[in-house]
Amino acid sequence: MTRDEALALDAADALAPLREQFSLPPGLIYLDGNSLGVLPKATAARVQQVVQQEWGVDLIRSWNTAGWIDLPQRVGDKIARLVGAGPGELVVADSTSVNLFKVLSAALSMAQADTPKRKRIVSERSNFPTDLYIAESLARERGHELVLVEADELPAALDEHCAVLMLTHVNYRSGRMHDMAALSRMAADAGALTVWDLAHSAGAVPVDLHTDGADFAIGCGYKYLNGGPGAPAFVWAHPRHAERFWQPLAGWMGHAAPFEFTPGYRPAPGISRYLCGTPAVLSLAALECGVDTVLAAEPLGGMAALRRKSLALTRLFADQVQASCPSLTLVSPRDDAQRGSQVCLSHPQVAYPVVQALIGRSVIGDFRAGDTSHPAGAVDILRFGFTPLYLRFVDAWDAAEQLRQVLESGEWQRPEFNQRQAVT
Ligand SMILES: Cc1ncc(COP(=O)(O)O)c(C=O)c1O
């Protein structure tokens with residue numbers, strides 16, 4: 001493809017106006033929305049309003065008058081529209097890790113009650129580490145076992161020992177997307193429950209939790225939902241499960257009547273029992289602005305239209321890189337059906353400095369170190385996330401060209417690009 005052809009795709013793109021919602025620094029090509037989404041223009045004014053008026057002037061009254069107390073449910077209902085959940089089924093609270101702890105505990109309690117002999121949590125070896133750490137700690141606490149397999153080995157691991165299948169829908173390293181419907185069906189047929197991490201899915205790929213037969217789900221607010229650094233996360237339990245157990249972090253905001261101040265815990269009905277402490281109002285206000293940027297695509301075809309553009313962007317970038325950068329290997333699946341909204345490449349030696357040199361040219365991606373503990377994951381990754389809300393086809397084209405120039409010029413060898421920083 002030529003640069004002019006990429007420009008022509010932008011000119012014909014019905015989603016192009018959505019980019020106007022964002023405050024993007026001029027000249028920057030931002031391919032890291034799978035790590036931290038771009039700042040929406042509405043956020044600064046909204047947060048300022050919450051700070052200056054709702055907090056500064058109205059103070060404590062804002063819990064009622066500004067609806068602060070309902071923010072977890074209100075923003076939750078908006079996210080629900082993006083992941084195929086119903087109103088009142090999803091709340092925003094805490095972090096992804098903490099929400100995973102809650103739903104995995106609930107799922108294990110259900111399995112314990114229904115099928116006490118099942119003692120295994122099955123997951124993918126290359127799942128995001130926080131998911132594995134939480135599962136490992138819960139397994140240790142409850143006398144369960146965490147079994148890690150490769151993606152292709154999952155069906156065989158769904159046997160009479162499996163209590164819960166815990167997966168991240170789109171893998172954070174490879175960008176490979178699981179077939180949620182098929183795996184949830186296989187798990188259900190084997191008598192196991194499913195917990196899905198939607199960190200790289202919500203706002204990036206269409207998700208239909210009900211149709212796909214999921215049991216529990218959690219996800220991030222700061223990636224494709226553009227909620228800002230450390231934005232709160234979300235949690236969903238299928239309505240048939242939500243009230244079966246207390247979640248283990250039974251805080252007062254998950255109580256049926258928190259302002260009765262009674263000593264005994266009575267869980268709130270439905271998903272609200274998955275709240276724990278006081279909602280993070282400033283962060284929730286920012287997250288709502290971020291979620292609204294995704295919902296703004298609804299009149300233009302919603303998640304299906306965003307998905308079509310995301311696939312076209314990632315395909316363009318992958319094709320250009322493969323044609324012009326022979327030292328890089330495509331790690332993400334070429335098959336559209338298996339690829340999330342990111343393109344991951346590997347380089348045997350210099351992935352880190354190449355990413356740094358690209359950042360030096362205002363093309364922002366990130367680096368994920370190889371996992372030397374197992375051969376399939378040992379390779380270092382250059383990771384590029386494509387958020388169709390604000391990326392143009394010409395950005396994908398230019399990013400591939402910059403990557404070619406960085407590799408051919410050898411500028412990645414400069415010492416400043418070879419110093420490993422704390423956050424990669
Ligand atoms: C799949 C996945 N789960 C969880 C997290 C992070 O969880 P937390 O929001 O608790 O930091 C990430 C962060 O990148 C992730 O990629």
# chains A, B, ... in the order shown; residues from 1 in each chain; ligands from 1
>>> residues_near_ligand(ligand="ligand 1", cutoff="10 Å", atoms="only C-alpha atoms and all ligand atoms", output="PyMOL selection string")
chain A and resi 34-36+94-101+127-132+167-173+196-201+218-223+229-234
>>> write_last_selection(atoms="C-alpha atoms", output="PDB file, in the first residue's frame")
ATOM      1  CA  ASN A  34      -3.836  -1.112  24.965  1.00  0.00           C
ATOM      2  CA  SER A  35      -1.784   0.060  27.952  1.00  0.00           C
ATOM      3  CA  LEU A  36      -3.045   3.583  28.646  1.00  0.00           C
ATOM      4  CA  ASP A  94     -11.320  -1.393  42.635  1.00  0.00           C
ATOM      5  CA  SER A  95      -8.650  -2.740  40.276  1.00  0.00           C
ATOM      6  CA  THR A  96      -8.743  -5.594  37.788  1.00  0.00           C
ATOM      7  CA  SER A  97      -6.596  -7.709  40.115  1.00  0.00           C
ATOM      8  CA  VAL A  98      -8.898  -7.132  43.096  1.00  0.00           C
ATOM      9  CA  ASN A  99     -11.996  -7.862  41.034  1.00  0.00           C
ATOM     10  CA  LEU A 100     -10.418 -11.051  39.774  1.00  0.00           C
ATOM     11  CA  PHE A 101      -9.863 -12.094  43.375  1.00  0.00           C
ATOM     12  CA  ASN A 127      -1.902 -15.245  30.812  1.00  0.00           C
ATOM     13  CA  PHE A 128      -1.160 -11.839  32.329  1.00  0.00           C
ATOM     14  CA  PRO A 129       0.935 -12.346  35.477  1.00  0.00           C
ATOM     15  CA  THR A 130      -1.451 -10.613  37.887  1.00  0.00           C
ATOM     16  CA  ASP A 131      -4.163 -13.107  36.916  1.00  0.00           C
ATOM     17  CA  LEU A 132      -1.818 -16.009  37.553  1.00  0.00           C
ATOM     18  CA  LEU A 167      -8.653 -16.835  30.788  1.00  0.00           C
ATOM     19  CA  THR A 168      -7.810 -13.454  29.378  1.00  0.00           C
ATOM     20  CA  HIS A 169      -9.893 -13.111  26.230  1.00  0.00           C
ATOM     21  CA  VAL A 170      -7.158 -11.298  24.241  1.00  0.00           C
ATOM     22  CA  ASN A 171      -3.639 -12.255  25.271  1.00  0.00           C
ATOM     23  CA  TYR A 172      -1.607  -9.249  26.433  1.00  0.00           C
ATOM     24  CA  ARG A 173       1.614 -10.416  24.727  1.00  0.00           C
ATOM     25  CA  TRP A 196     -12.905 -13.985  31.618  1.00  0.00           C
ATOM     26  CA  ASP A 197     -10.468 -11.077  31.861  1.00  0.00           C
ATOM     27  CA  LEU A 198     -11.592  -8.482  29.311  1.00  0.00           C
ATOM     28  CA  ALA A 199      -8.685  -6.051  29.876  1.00  0.00           C
ATOM     29  CA  HIS A 200      -7.733  -6.099  26.176  1.00  0.00           C
ATOM     30  CA  SER A 201     -11.274  -6.605  24.901  1.00  0.00           C
ATOM     31  CA  ILE A 218     -13.639  -8.437  34.883  1.00  0.00           C
ATOM     32  CA  GLY A 219     -11.678  -5.780  33.012  1.00  0.00           C
ATOM     33  CA  CYS A 220      -9.633  -2.575  32.989  1.00  0.00           C
ATOM     34  CA  GLY A 221     -10.786   1.029  32.709  1.00  0.00           C
ATOM     35  CA  TYR A 222      -7.506   2.591  31.611  1.00  0.00           C
ATOM     36  CA  LYS A 223      -6.852   0.800  28.308  1.00  0.00           C
ATOM     37  CA  PRO A 229      -3.989   6.113  34.602  1.00  0.00           C
ATOM     38  CA  GLY A 230      -5.109   3.729  37.334  1.00  0.00           C
ATOM     39  CA  ALA A 231      -8.790   4.083  36.354  1.00  0.00           C
ATOM     40  CA  PRO A 232     -11.061   1.754  38.298  1.00  0.00           C
ATOM     41  CA  ALA A 233     -11.924  -1.648  36.844  1.00  0.00           C
ATOM     42  CA  PHE A 234     -15.217  -3.433  36.260  1.00  0.00           C
TER      43      PHE A 234
END
>>> residues_around(residues="Asp179 in chain A", least_positions_apart="2", cutoff="12 Å", atoms="only C-alpha atoms", output="count of residues only")
29
>>> residues_around(residues="Ala163 in chain A", least_positions_apart="3", cutoff="12 Å", atoms="only C-alpha atoms", output="JSON, numbers by chain")
{"A": [104, 105, 106, 107, 108, 109, 110, 111, 112, 113, 114, 115, 116, 117, 118, 119, 120, 121, 122, 123, 139, 144, 145, 146, 147, 157, 158, 159, 160, 166, 187, 188, 190, 191, 192, 193, 194, 195]}
>>> atom_distance(atom1="CA of Arg414 in chain A", atom2="CA of Trp397 in chain A")
24.8 Å
>>> select_by_dssp(residues="range 61-99 of chain A", states="strand (DSSP E or B)", output="list of chain:residue names")
A:Leu90, A:Val91, A:Val92, A:Ala93
>>> write_last_selection(atoms="N, CA and C atoms", output="compact mmCIF listing (two decimals), in the first residue's frame")
# COMPACT_ATOMS: atom_id res chain seq x y z
N LEU A 90 -23.41 -5.05 35.97
CA LEU A 90 -21.96 -4.82 35.98
C LEU A 90 -21.69 -3.55 36.80
N VAL A 91 -20.69 -3.60 37.66
CA VAL A 91 -20.31 -2.40 38.42
C VAL A 91 -18.83 -2.10 38.23
N VAL A 92 -18.51 -0.83 38.52
CA VAL A 92 -17.12 -0.38 38.45
C VAL A 92 -16.60 -0.28 39.87
N ALA A 93 -15.43 -0.85 40.12
CA ALA A 93 -14.87 -0.82 41.46
C ALA A 93 -13.42 -1.29 41.43
>>> closest_residue(among="A:Pro353, A:Leu403, A:Gly301, A:Trp236", to="Phe317 in chain A", atoms="only C-alpha atoms")
A:Leu403
>>> select_by_dssp(residues="range 319-424 of chain A", states="alpha helix (DSSP H)", output="count of residues only")
33
>>> atom_distance(atom1="CA of Gln21 in chain A", atom2="CA of Pro388 in chain A")
12.4 Å
>>> residues_around(residues="Pro258 in chain A", least_positions_apart="6", cutoff="12 Å", atoms="only C-alpha atoms", output="PDB file with N, CA, C and O atoms, in the first residue's frame")
ATOM      1  N   ILE A  69     -22.876   8.528  44.729  1.00  0.00           N
ATOM      2  CA  ILE A  69     -23.054   7.188  45.308  1.00  0.00           C
ATOM      3  C   ILE A  69     -23.452   6.156  44.234  1.00  0.00           C
ATOM      4  O   ILE A  69     -23.199   4.964  44.385  1.00  0.00           O
ATOM      5  N   ALA A 250     -16.137  -8.401  51.659  1.00  0.00           N
ATOM      6  CA  ALA A 250     -17.490  -7.957  51.985  1.00  0.00           C
ATOM      7  C   ALA A 250     -17.442  -6.619  52.717  1.00  0.00           C
ATOM      8  O   ALA A 250     -17.615  -6.551  53.928  1.00  0.00           O
ATOM      9  N   GLY A 251     -17.229  -5.542  51.954  1.00  0.00           N
ATOM     10  CA  GLY A 251     -17.160  -4.212  52.554  1.00  0.00           C
ATOM     11  C   GLY A 251     -18.532  -3.553  52.630  1.00  0.00           C
ATOM     12  O   GLY A 251     -19.508  -4.055  52.073  1.00  0.00           O
ATOM     13  N   TRP A 252     -18.564  -2.396  53.267  1.00  0.00           N
ATOM     14  CA  TRP A 252     -19.871  -1.764  53.547  1.00  0.00           C
ATOM     15  C   TRP A 252     -20.581  -1.296  52.287  1.00  0.00           C
ATOM     16  O   TRP A 252     -21.802  -1.236  52.249  1.00  0.00           O
ATOM     17  N   GLY A 264     -23.933  -6.642  61.392  1.00  0.00           N
ATOM     18  CA  GLY A 264     -23.917  -7.868  60.577  1.00  0.00           C
ATOM     19  C   GLY A 264     -23.949  -7.539  59.098  1.00  0.00           C
ATOM     20  O   GLY A 264     -24.574  -6.564  58.676  1.00  0.00           O
ATOM     21  N   TYR A 265     -23.253  -8.371  58.272  1.00  0.00           N
ATOM     22  CA  TYR A 265     -23.212  -8.144  56.820  1.00  0.00           C
ATOM     23  C   TYR A 265     -24.411  -8.782  56.145  1.00  0.00           C
ATOM     24  O   TYR A 265     -24.681  -9.977  56.326  1.00  0.00           O
ATOM     25  N   ARG A 266     -25.116  -7.958  55.396  1.00  0.00           N
ATOM     26  CA  ARG A 266     -26.198  -8.459  54.532  1.00  0.00           C
ATOM     27  C   ARG A 266     -25.847  -8.028  53.121  1.00  0.00           C
ATOM     28  O   ARG A 266     -25.874  -6.829  52.810  1.00  0.00           O
ATOM     29  N   PRO A 267     -25.483  -8.954  52.236  1.00  0.00           N
ATOM     30  CA  PRO A 267     -25.032  -8.521  50.914  1.00  0.00           C
ATOM     31  C   PRO A 267     -26.140  -7.836  50.115  1.00  0.00           C
ATOM     32  O   PRO A 267     -27.299  -8.234  50.194  1.00  0.00           O
ATOM     33  N   ALA A 268     -25.739  -6.819  49.360  1.00  0.00           N
ATOM     34  CA  ALA A 268     -26.686  -6.129  48.476  1.00  0.00           C
ATOM     35  C   ALA A 268     -27.191  -7.121  47.423  1.00  0.00           C
ATOM     36  O   ALA A 268     -26.492  -8.078  47.092  1.00  0.00           O
ATOM     37  N   SER A 272     -24.206  -5.456  42.920  1.00  0.00           N
ATOM     38  CA  SER A 272     -23.740  -4.407  43.835  1.00  0.00           C
ATOM     39  C   SER A 272     -23.003  -4.994  45.036  1.00  0.00           C
ATOM     40  O   SER A 272     -22.224  -4.297  45.680  1.00  0.00           O
ATOM     41  N   ARG A 273     -23.198  -6.252  45.325  1.00  0.00           N
ATOM     42  CA  ARG A 273     -22.451  -6.862  46.430  1.00  0.00           C
ATOM     43  C   ARG A 273     -20.965  -7.013  46.082  1.00  0.00           C
ATOM     44  O   ARG A 273     -20.157  -7.311  46.946  1.00  0.00           O
ATOM     45  N   LEU A 275     -19.202  -4.557  45.183  1.00  0.00           N
ATOM     46  CA  LEU A 275     -18.509  -3.346  45.628  1.00  0.00           C
ATOM     47  C   LEU A 275     -17.889  -3.647  46.982  1.00  0.00           C
ATOM     48  O   LEU A 275     -18.335  -4.559  47.692  1.00  0.00           O
ATOM     49  N   CYS A 276     -16.883  -2.865  47.348  1.00  0.00           N
ATOM     50  CA  CYS A 276     -16.267  -3.105  48.651  1.00  0.00           C
ATOM     51  C   CYS A 276     -16.267  -1.804  49.468  1.00  0.00           C
ATOM     52  O   CYS A 276     -17.064  -1.634  50.364  1.00  0.00           O
ATOM     53  N   GLY A 277     -15.377  -0.852  49.121  1.00  0.00           N
ATOM     54  CA  GLY A 277     -15.311   0.391  49.885  1.00  0.00           C
ATOM     55  C   GLY A 277     -15.823   1.581  49.097  1.00  0.00           C
ATOM     56  O   GLY A 277     -16.441   1.430  48.039  1.00  0.00           O
ATOM     57  N   THR A 278     -15.534   2.760  49.597  1.00  0.00           N
ATOM     58  CA  THR A 278     -16.030   4.011  49.017  1.00  0.00           C
ATOM     59  C   THR A 278     -15.561   4.177  47.559  1.00  0.00           C
ATOM     60  O   THR A 278     -14.369   4.029  47.274  1.00  0.00           O
TER      61      THR A 278
END
>>> atom_distance(atom1="CA of Leu39 in chain A", atom2="CA of Asn226 in chain A")
6.6 Å
>>> residues_around(residues="range 355-366 of chain A", least_positions_apart="5", cutoff="9 Å", atoms="only C-alpha atoms", output="list in words")
Gly27, Leu28, Ile29, Tyr30, Leu31, Asp32, Gly33, Ser35, Val350, Ile381, Leu382, Arg383, Phe384, Gly385, Asp398, Ala399, Gln402, Leu403, Val406, Glu411, Trp412, Gln413, Arg414, Glu416, Phe417, Asn418 and Thr424 of chain A
>>> residues_around(residues="range 326-334 of chain A", least_positions_apart="3", cutoff="7 Å", atoms="only C-alpha atoms", output="list in words")
Ser174, Gly175, Arg176, Gln322, Gln338, Arg339, Val343, Cys344, Leu345, Ser346 and His347 of chain A
>>> write_last_selection(atoms="C-alpha atoms", output="PDB file, in the first residue's frame")
ATOM      1  CA  SER A 174       0.542 -12.048  21.502  1.00  0.00           C
ATOM      2  CA  GLY A 175      -2.784 -10.316  20.854  1.00  0.00           C
ATOM      3  CA  ARG A 176      -4.299 -13.730  20.192  1.00  0.00           C
ATOM      4  CA  GLN A 322       6.296  -7.799   6.998  1.00  0.00           C
ATOM      5  CA  GLN A 338      -7.975 -14.763  16.193  1.00  0.00           C
ATOM      6  CA  ARG A 339      -6.410 -11.311  16.404  1.00  0.00           C
ATOM      7  CA  VAL A 343       0.111  -6.266  16.575  1.00  0.00           C
ATOM      8  CA  CYS A 344       3.038  -7.915  18.318  1.00  0.00           C
ATOM      9  CA  LEU A 345       6.376  -8.461  16.652  1.00  0.00           C
ATOM     10  CA  SER A 346       9.471 -10.164  17.900  1.00  0.00           C
ATOM     11  CA  HIS A 347      13.125  -9.457  17.357  1.00  0.00           C
TER      12      HIS A 347
END
>>> residues_around(residues="Leu295 in chain A", least_positions_apart="4", cutoff="8 Å", atoms="only C-alpha atoms", output="PyMOL selection string")
chain A and resi 78+82+291+302
